[in-house]
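To keep things clear, I will list the structure first and then write my remarks on it.
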Amino acid sequence: MTVLRLWLHRLMMILVLLVPCTGWAISQPFVIQKGHMDLTVWSQLEHADSVALMGEWLFYPSQLLGPGEPSPPATLREVPGVWTTDVGLNYGTYKLNITLGKARKVGLIVPRYTSSCRIFVNGQVVFEGGTVSTTPASTQPARQIAVLPLDPATNYEVIIQVSNYLHARGGLFAPPIFGDYKALVKEENRRAITESVIAGGFLAIGVYHLILFGIRRQRLVFYFGMACMAIAVRIAFTNSMPVRNYFDLDYTNSVRIEYISLFLLNPLIELYLARMFENEYPWKLFKFRLFCFAAVLATTLLPIYYMTHVLRYCHMSHIMGILICVYTVTRAKANGRLGSSLIASGIVIFACFLLWDVYVSLHAGLTSTYIFHWGFLIFILSQSGAIAQAYDDTFHKLLASEAEKHHSLEQLAKVFFPHQIAAIRQSRQLEETMPTIPGQGCVISFDIVASSRIKHIKAKDFFRKVFARCNQAIAEGYDGINLKSRAYRIKEMGDGFLCSIGYPFQSMTDNPAHDAIDLAKDFIRILAEESAMLHTATPVACGIGIALGPMTGFFPESGTKEYDIYGLPIVLATRYESLRKSLFETDPSGSVIIIQELVYQSLDPSHRDGFVAMNLKESGFVVRDDPAATHLYYQIVQTPMMGAPEVSLKAL
């Protein structure tokens with residue numbers, strides 16, 4: 001059984017030494033046998049690695065023997081190894097003889113001990129950690145790490161006195177390290193610097209996430225930030241204990257902080273994963289887990305002696321938490337949660353490292369080296385990969401969303417004006433993008449005369465081009481900032497359309513009536529230019545009615561929110577345009593513009609030129625929906641491709 005334990009200890013030591021910066025390299029399998037270690041071959045090597053002084057030390061239980069004192073019969077005890085105070089063993093002496101082939105400058109790293117230690121080498125006291133004594137009252141605990149220089153010699157007698165009354169377990173929890181002094185100092189400094197940097201890095205990450213929590217109020221961020229802080233504190237108080245370079249370590253508080261940071265880490269990681277994968281976490285166990293967390297943390301308030309006696313039970317909760325974390329991420333992976341594969345790999349690796357820490361904290365192994373921070377670093381890297389996956393997925397979704405949004409905006413541009421789309425992008429409501437208060441303006445009613453009699457293979461293209469060019473003329477001068485345009489197309493009606501000038505868009509000049517006459521003549525010109533390409537026997541003409549008055553824009557209360565305009569000028573424009581059939585016995589050879597008296601009175605002399613007045617009262621003619629009208633004015637517009645035959649008015 002002893003041989004089996006020895007080889008198991010060796011295997012565990014090799015495993016931990018494989019992790020960078022966590023142990024001392026061993027190139028030769030030198031083993032202590034019956035209190036003696038032969039390093040003759042080792043001492044001949046030019047670049048000899050350090051040697052862990054593990055194996056069978058001579059041990060004198062319940063005795064504190066110094067150099068030269070008579071030695072009673074000794075027992076053999078494995079180093080590293082622990083004893084429990086329950087069996088009445090509170091102090092003892094370890095002794096080892098080392099043989100070198102040649103003298104060289106060597107050193108010794110003090111092993112982790114509980115709770116007081118004094119080391120003699122070749123009869124001289126080289127280290128005292130606390131006060132070693134045979135009584136509790138005179139024993140003073142301490143936690144110190146040191147690299148001890150040894151005088152060159154070919155034989156070394158190492159005596160280590162250990163006493164413990166404060167911890168549940170005493171003895172040497174890791175083997176002393178023997179080797180070249182300069183190399184030991186360099187390596188120890190490297191470890192301390194490395195662990196300080198790692199602790200500082202975790203501290204910075206934790207502070208960042210706590211600040212982020214203050215901004216976002218996300219508990220997920222809080223749990224992760226606190227976990228990083230707990231790890232930073234634990235690194236500072238374990239292994240090479242970087243915090244010792246800045247503060248004097250009180251034994252009791254140092255041990256208490258070591259375990260508090262360990263016990264906090266498990267619930268924080270568990271809560272973090274519970275928030276990350278809420279559907280996969282076993283919430284039925286949550287209240288029980290909260291009770292376990294509270295019970296475990298409560299043990300840290302006990303005296304160190306009693307606290308260390310219940311460590312096994314605390315670690316049962318710790319192991320349960322690890323299993324729950326693994327279960328949660330495994331379910332998340334099975335459910336195909338984004339990034340769960342990487343996080344699952346990271347948490348499993350971290351769990352292995354954390355189990356090693358549980359093993360070490362129980363002082364059941366052969367080393368006091370904690371490696372959990374390397375596991376957490378791997379977890380952070382896996383989480384970073386998962387976050388990168390999430391960002392990549394989000395990025396592609398954003399690209400798809402942006403493409404969809406761009407397509408949607410392109411389609412909306414066919415219905416809405418650019419200033420409306422810009423306002424919607426700024427989170428404004430559609431109802432706020434167009435005027436809905438009363439205004440004044442002119443309305444043009446445009447209609448192609450006898451469109452059904454146009455017999456031509458390109459008739460459809462002809463109508464499409466006419467309306468397209470008319471719409472271009474309407475949109476000329478569009479200014480989305482000042483809501484200004486030559487006109488606003490209200491709607492299309494069969495072979496014609498309605499448009500307004502001066503409302504809802506401001507007219508290009510201060511007189512909408514002038515702009516309406518100019519635009520009407522442009523419509524006639526466009527129609528003439530397009531009809532000339534058809535080479536029809538009869539020229540294509542149009543009728544145009546123009547009325548002036550108040551109008552109001554609105555969005556429907558229900559249904560599709562399509563902007564519309566209502567007002568008397570819209571009705572009157574169609575009425576005046578339709579008078580073309582009543583005014584003339586035969587269709588005129590040109591296009592006819594018929595305007596309301598109010599429109600005519602608003603024109604300057606240059607725009608009135610060409611209009612013919614008709615007294616409605618004298619003829620007894622009444623304009624529907626405009627019974628108060630006394631006159632109307634019309635003009636037949638000839639184009640270069642049209643003749644100008646006489647046109648007779650119908651008898652009124």
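Chain labels A, B, ... are given in the sequence in which chains occur in the structure tokens; within each chain residues are numbered consecutively from 1, and ligands are likewise numbered from 1 in the order shown.
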Fewer than 4 positions away in the same chain doesn't count, so skip those; otherwise give me all residues within 7 Å of Ala475 of chain A, counting only C-alpha atoms, as number ranges by chain. A: 471, 485-487
Using only C-alpha atoms, which residues sit within 10 Å of Leu381 of chain A once same-chain residues fewer than 6 positions away are excluded, as a PyMOL selection string? chain A and resi 342-343+346+375+387
Contacts of Ser591 of chain A at 9 Å (only C-alpha atoms; same-chain gap of 6+ positions) as a list of chain:residue names: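 The residues that qualify are A:Ile448, A:Val449, A:Ile524, A:Val540, A:Ala541, A:Cys542, A:Gly543, A:Ile544, A:Gln635, A:Ile636, A:Val637, A:Gln638, A:Thr639.
If you look at atom CA of Gly179 of chain A and atom CA of Pro73 of chain A, they are 29.7 Å away from each other.
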Selection: 12 Å around segment 31-44 of chain A, only C-alpha atoms, excl. self and same-chain fewer than 5 positions, as an MDAnalysis selection string: chainID A and resid 3 6:7 9:10 26 49:60 74:80 94:106 152:159 175 178:180
Could you save the residues just selected, with N, CA and C atoms, as a short mmCIF file (atom, residue, chain, number, x, y, z; two decimals), in the first residue's frame?
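Just written: out_13.cif:
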data_model
loop_
_atom_site.label_atom_id
_atom_site.label_comp_id
_atom_site.auth_asym_id
_atom_site.auth_seq_id
_atom_site.Cartn_x
_atom_site.Cartn_y
_atom_site.Cartn_z
N VAL A 3 3.92 1.60 -1.25
CA VAL A 3 4.50 1.78 -2.58
C VAL A 3 3.46 2.34 -3.54
N LEU A 6 3.02 5.98 -2.89
CA LEU A 6 4.18 6.72 -3.35
C LEU A 6 4.10 6.98 -4.85
N TRP A 7 3.79 5.94 -5.61
CA TRP A 7 3.70 6.12 -7.07
C TRP A 7 2.51 6.98 -7.46
N HIS A 9 1.42 9.45 -5.64
CA HIS A 9 1.89 10.81 -5.33
C HIS A 9 2.81 11.32 -6.43
N ARG A 10 3.69 10.45 -6.91
CA ARG A 10 4.59 10.87 -7.99
C ARG A 10 3.81 11.24 -9.25
N ILE A 26 11.36 18.48 -12.86
CA ILE A 26 12.17 17.37 -12.35
C ILE A 26 12.62 16.54 -13.53
N ASP A 49 18.45 20.44 -12.97
CA ASP A 49 17.14 20.96 -12.58
C ASP A 49 16.96 20.81 -11.08
N SER A 50 15.94 21.51 -10.59
CA SER A 50 15.63 21.40 -9.17
C SER A 50 15.06 20.02 -8.86
N VAL A 51 15.17 19.62 -7.60
CA VAL A 51 14.74 18.29 -7.16
C VAL A 51 13.75 18.45 -6.02
N ALA A 52 12.62 17.77 -6.13
CA ALA A 52 11.65 17.76 -5.04
C ALA A 52 12.08 16.71 -4.02
N LEU A 53 12.25 17.13 -2.77
CA LEU A 53 12.73 16.23 -1.72
C LEU A 53 11.54 15.42 -1.18
N MET A 54 11.05 14.51 -2.01
CA MET A 54 9.89 13.72 -1.60
C MET A 54 10.31 12.25 -1.46
N GLY A 55 9.67 11.61 -0.50
CA GLY A 55 9.98 10.21 -0.24
C GLY A 55 9.92 9.92 1.25
N GLU A 56 10.72 8.95 1.68
CA GLU A 56 10.67 8.49 3.07
C GLU A 56 11.65 9.28 3.93
N TRP A 57 11.15 10.25 4.68
CA TRP A 57 11.95 11.00 5.65
C TRP A 57 11.91 10.26 7.00
N LEU A 58 12.97 10.46 7.76
CA LEU A 58 12.93 10.01 9.15
C LEU A 58 12.00 10.95 9.91
N PHE A 59 11.14 10.39 10.76
CA PHE A 59 10.17 11.22 11.46
C PHE A 59 10.12 10.83 12.93
N TYR A 60 10.10 11.90 13.76
CA TYR A 60 10.04 11.71 15.21
C TYR A 60 8.76 12.37 15.71
N ALA A 74 13.49 6.23 15.05
CA ALA A 74 12.63 7.04 14.17
C ALA A 74 11.71 6.14 13.37
N THR A 75 10.62 6.74 12.94
CA THR A 75 9.72 6.08 11.98
C THR A 75 9.94 6.72 10.62
N LEU A 76 9.41 6.10 9.59
CA LEU A 76 9.49 6.67 8.25
C LEU A 76 8.14 7.28 7.89
N ARG A 77 8.18 8.51 7.36
CA ARG A 77 6.93 9.19 6.97
C ARG A 77 7.13 9.81 5.59
N GLU A 78 6.12 9.63 4.77
CA GLU A 78 6.16 10.19 3.43
C GLU A 78 6.06 11.71 3.46
N VAL A 79 6.91 12.32 2.67
CA VAL A 79 6.83 13.77 2.42
C VAL A 79 6.63 13.94 0.93
N PRO A 80 5.58 14.64 0.52
CA PRO A 80 4.63 15.35 1.39
C PRO A 80 3.66 14.39 2.04
N TYR A 94 11.14 16.19 11.24
CA TYR A 94 11.53 15.46 10.03
C TYR A 94 13.05 15.59 9.88
N LYS A 95 13.68 14.52 9.41
CA LYS A 95 15.14 14.56 9.22
C LYS A 95 15.48 13.87 7.90
N LEU A 96 16.45 14.50 7.17
CA LEU A 96 16.88 13.96 5.87
C LEU A 96 18.36 14.25 5.68
N ASN A 97 19.10 13.26 5.13
CA ASN A 97 20.50 13.45 4.76
C ASN A 97 20.61 13.43 3.24
N ILE A 98 21.34 14.44 2.70
CA ILE A 98 21.54 14.57 1.25
C ILE A 98 23.02 14.44 0.96
N THR A 99 23.36 13.61 -0.02
CA THR A 99 24.76 13.42 -0.42
C THR A 99 24.96 13.96 -1.83
N LEU A 100 26.02 14.83 -1.99
CA LEU A 100 26.38 15.38 -3.30
C LEU A 100 27.74 14.85 -3.72
N GLY A 101 27.96 14.76 -5.03
CA GLY A 101 29.25 14.31 -5.52
C GLY A 101 30.30 15.40 -5.43
N LYS A 102 29.87 16.69 -5.55
CA LYS A 102 30.77 17.81 -5.40
C LYS A 102 30.00 18.98 -4.82
N ALA A 103 30.74 19.83 -4.14
CA ALA A 103 30.09 20.98 -3.50
C ALA A 103 29.72 22.02 -4.56
N ARG A 104 28.59 22.66 -4.38
CA ARG A 104 28.15 23.72 -5.27
C ARG A 104 27.19 24.63 -4.52
N LYS A 105 26.94 25.80 -5.07
CA LYS A 105 26.05 26.76 -4.44
C LYS A 105 24.61 26.32 -4.66
N VAL A 106 23.97 25.86 -3.58
CA VAL A 106 22.62 25.35 -3.70
C VAL A 106 21.70 26.14 -2.77
N PRO A 152 28.07 25.83 0.37
CA PRO A 152 28.50 24.67 -0.43
C PRO A 152 29.02 23.55 0.46
N ALA A 153 28.57 22.35 0.17
CA ALA A 153 29.00 21.18 0.94
C ALA A 153 28.69 19.95 0.12
N THR A 154 29.24 18.82 0.55
CA THR A 154 28.93 17.56 -0.15
C THR A 154 27.91 16.73 0.61
N ASN A 155 27.66 17.12 1.88
CA ASN A 155 26.64 16.44 2.68
C ASN A 155 25.81 17.48 3.42
N TYR A 156 24.50 17.24 3.42
CA TYR A 156 23.59 18.16 4.11
C TYR A 156 22.67 17.34 5.02
N GLU A 157 22.57 17.82 6.27
CA GLU A 157 21.59 17.26 7.19
C GLU A 157 20.47 18.29 7.33
N VAL A 158 19.28 17.92 6.89
CA VAL A 158 18.13 18.83 6.92
C VAL A 158 17.18 18.34 8.01
N ILE A 159 16.92 19.23 8.96
CA ILE A 159 15.98 18.94 10.05
C ILE A 159 14.86 19.97 9.99
N PRO A 175 6.62 18.96 -0.88
CA PRO A 175 8.02 18.66 -0.60
C PRO A 175 8.89 19.91 -0.70
N PHE A 178 14.96 21.45 -3.68
CA PHE A 178 16.42 21.58 -3.55
C PHE A 178 17.00 21.79 -4.94
N GLY A 179 17.96 22.73 -5.07
CA GLY A 179 18.54 22.95 -6.39
C GLY A 179 19.51 24.11 -6.40
N ASP A 180 19.95 24.49 -7.58
CA ASP A 180 20.87 25.61 -7.73
C ASP A 180 20.20 26.87 -7.19
#
Which residues in segment 81-223 of chain A does DSSP call alpha helix (DSSP H)? List them as a PyMOL selection string. chain A and resi 181-216+219-223
Can you tell me which residues surround segment 214-218 of chain A at a distance of at most 12 Å, considering only C-alpha atoms, apart from same-chain residues fewer than 6 positions away, and format the answer as a ChimeraX atom specification? /A:207-208,224-225,272,275-276
Just list the residues in segment 412-565 of chain A DSSP gives strand (DSSP E) on the backbone, as a PyMOL selection string. chain A and resi 439-448+488-493+496-501+542-554+564-565
Same residues, N, CA and C atoms, output as a tab-separated table (two decimals), in the first residue's frame:
chain	number	residue	atom	x	y	z
A	439	GLY	N	-54.51	74.26	-45.23
A	439	GLY	CA	-53.67	75.13	-46.05
A	439	GLY	C	-54.40	75.55	-47.31
A	440	GLN	N	-53.77	76.44	-48.08
A	440	GLN	CA	-54.36	76.98	-49.30
A	440	GLN	C	-53.53	76.55	-50.50
A	441	GLY	N	-54.20	76.19	-51.58
A	441	GLY	CA	-53.46	75.82	-52.77
A	441	GLY	C	-54.37	75.58	-53.96
A	442	CYS	N	-53.73	75.35	-55.12
A	442	CYS	CA	-54.45	75.04	-56.36
A	442	CYS	C	-54.43	73.54	-56.60
A	443	VAL	N	-55.48	73.05	-57.27
A	443	VAL	CA	-55.55	71.65	-57.66
A	443	VAL	C	-55.71	71.58	-59.17
A	444	ILE	N	-54.91	70.70	-59.79
A	444	ILE	CA	-55.01	70.47	-61.23
A	444	ILE	C	-55.62	69.09	-61.45
A	445	SER	N	-56.68	69.06	-62.28
A	445	SER	CA	-57.26	67.79	-62.71
A	445	SER	C	-56.87	67.60	-64.17
A	446	PHE	N	-56.09	66.54	-64.45
A	446	PHE	CA	-55.58	66.27	-65.78
A	446	PHE	C	-56.24	65.01	-66.31
A	447	ASP	N	-56.75	65.06	-67.58
A	447	ASP	CA	-57.40	63.89	-68.17
A	447	ASP	C	-57.15	63.89	-69.67
A	448	ILE	N	-56.75	62.72	-70.22
A	448	ILE	CA	-56.50	62.59	-71.65
A	448	ILE	C	-57.84	62.38	-72.35
A	488	TYR	N	-47.70	68.30	-55.76
A	488	TYR	CA	-47.87	67.05	-55.03
A	488	TYR	C	-48.93	66.23	-55.76
A	489	ARG	N	-48.57	65.01	-56.16
A	489	ARG	CA	-49.54	64.15	-56.85
A	489	ARG	C	-50.49	63.56	-55.82
A	490	ILE	N	-51.76	63.87	-55.98
A	490	ILE	CA	-52.77	63.38	-55.03
A	490	ILE	C	-53.15	61.94	-55.36
A	491	LYS	N	-53.54	61.69	-56.60
A	491	LYS	CA	-53.92	60.34	-57.00
A	491	LYS	C	-54.05	60.28	-58.52
A	492	GLU	N	-53.99	59.06	-59.05
A	492	GLU	CA	-54.27	58.84	-60.46
A	492	GLU	C	-55.69	58.33	-60.60
A	493	MET	N	-56.35	58.74	-61.67
A	493	MET	CA	-57.75	58.36	-61.90
A	493	MET	C	-57.91	57.97	-63.37
A	496	GLY	N	-56.05	59.88	-66.16
A	496	GLY	CA	-55.65	61.20	-65.68
A	496	GLY	C	-55.17	61.13	-64.25
A	497	PHE	N	-55.00	62.29	-63.63
A	497	PHE	CA	-54.53	62.35	-62.25
A	497	PHE	C	-54.89	63.71	-61.67
A	498	LEU	N	-54.75	63.80	-60.35
A	498	LEU	CA	-54.93	65.04	-59.61
A	498	LEU	C	-53.62	65.41	-58.94
A	499	CYS	N	-53.29	66.66	-58.94
A	499	CYS	CA	-52.12	67.13	-58.22
A	499	CYS	C	-52.42	68.50	-57.62
A	500	SER	N	-51.72	68.83	-56.56
A	500	SER	CA	-51.94	70.10	-55.86
A	500	SER	C	-50.67	70.93	-55.85
A	501	ILE	N	-50.85	72.24	-55.89
A	501	ILE	CA	-49.73	73.18	-55.86
A	501	ILE	C	-49.94	74.11	-54.68
A	542	CYS	N	-55.77	66.84	-74.19
A	542	CYS	CA	-56.17	66.63	-72.80
A	542	CYS	C	-57.05	67.76	-72.33
A	543	GLY	N	-57.75	67.50	-71.26
A	543	GLY	CA	-58.52	68.53	-70.59
A	543	GLY	C	-57.97	68.74	-69.21
A	544	ILE	N	-57.85	70.02	-68.81
A	544	ILE	CA	-57.27	70.37	-67.51
A	544	ILE	C	-58.20	71.33	-66.81
A	545	GLY	N	-58.52	71.02	-65.58
A	545	GLY	CA	-59.30	71.91	-64.74
A	545	GLY	C	-58.47	72.34	-63.55
A	546	ILE	N	-58.58	73.66	-63.20
A	546	ILE	CA	-57.79	74.20	-62.09
A	546	ILE	C	-58.72	74.97	-61.17
A	547	ALA	N	-58.63	74.64	-59.86
A	547	ALA	CA	-59.42	75.34	-58.85
A	547	ALA	C	-58.52	75.69	-57.67
A	548	LEU	N	-58.92	76.72	-56.93
A	548	LEU	CA	-58.13	77.25	-55.82
A	548	LEU	C	-58.99	77.28	-54.57
A	549	GLY	N	-58.38	76.94	-53.41
A	549	GLY	CA	-59.13	77.01	-52.17
A	549	GLY	C	-58.44	76.29	-51.03
A	550	PRO	N	-59.10	76.19	-49.89
A	550	PRO	CA	-58.50	75.54	-48.71
A	550	PRO	C	-58.53	74.01	-48.83
A	551	MET	N	-57.46	73.38	-48.29
A	551	MET	CA	-57.34	71.92	-48.28
A	551	MET	C	-56.74	71.48	-46.96
A	552	THR	N	-56.92	70.21	-46.63
A	552	THR	CA	-56.37	69.65	-45.40
A	552	THR	C	-55.84	68.24	-45.67
A	553	GLY	N	-54.64	67.96	-45.18
A	553	GLY	CA	-54.08	66.62	-45.28
A	553	GLY	C	-54.42	65.79	-44.06
A	554	PHE	N	-54.46	64.49	-44.21
A	554	PHE	CA	-54.81	63.63	-43.08
A	554	PHE	C	-54.29	62.21	-43.32
A	564	ASP	N	-53.52	61.42	-47.40
A	564	ASP	CA	-54.50	61.87	-48.39
A	564	ASP	C	-54.87	63.32	-48.11
A	565	ILE	N	-55.53	63.95	-49.09
A	565	ILE	CA	-55.93	65.35	-48.98
A	565	ILE	C	-57.41	65.45	-49.31
With a distance cut-off of 9 Å and only C-alpha atoms, select the neighbouring residues of Arg143 of chain A, excluding the residue or stretch itself and same-chain residues fewer than 2 positions from it, and output the selection as a compact mmCIF listing (two decimals) with C-alpha atoms, in the first residue's frame.
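Written out: selection.txt:
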# COMPACT_ATOMS: atom_id res chain seq x y z
CA ARG A 112 4.12 24.69 2.76
CA TYR A 113 3.57 23.73 6.36
CA THR A 114 0.96 24.01 9.12
CA SER A 115 1.25 26.02 11.11
CA SER A 116 4.78 26.71 12.52
CA GLY A 129 8.14 30.48 10.29
CA GLY A 130 6.25 31.41 13.42
CA PRO A 141 1.46 30.29 13.42
CA ILE A 145 7.66 31.40 1.55
CA LEU A 249 0.07 38.21 6.29
CA ASP A 250 -1.79 37.30 9.45
CA TYR A 251 -2.08 33.52 9.53
CA SER A 254 -4.83 34.59 5.32
CA VAL A 255 -6.22 31.04 5.67
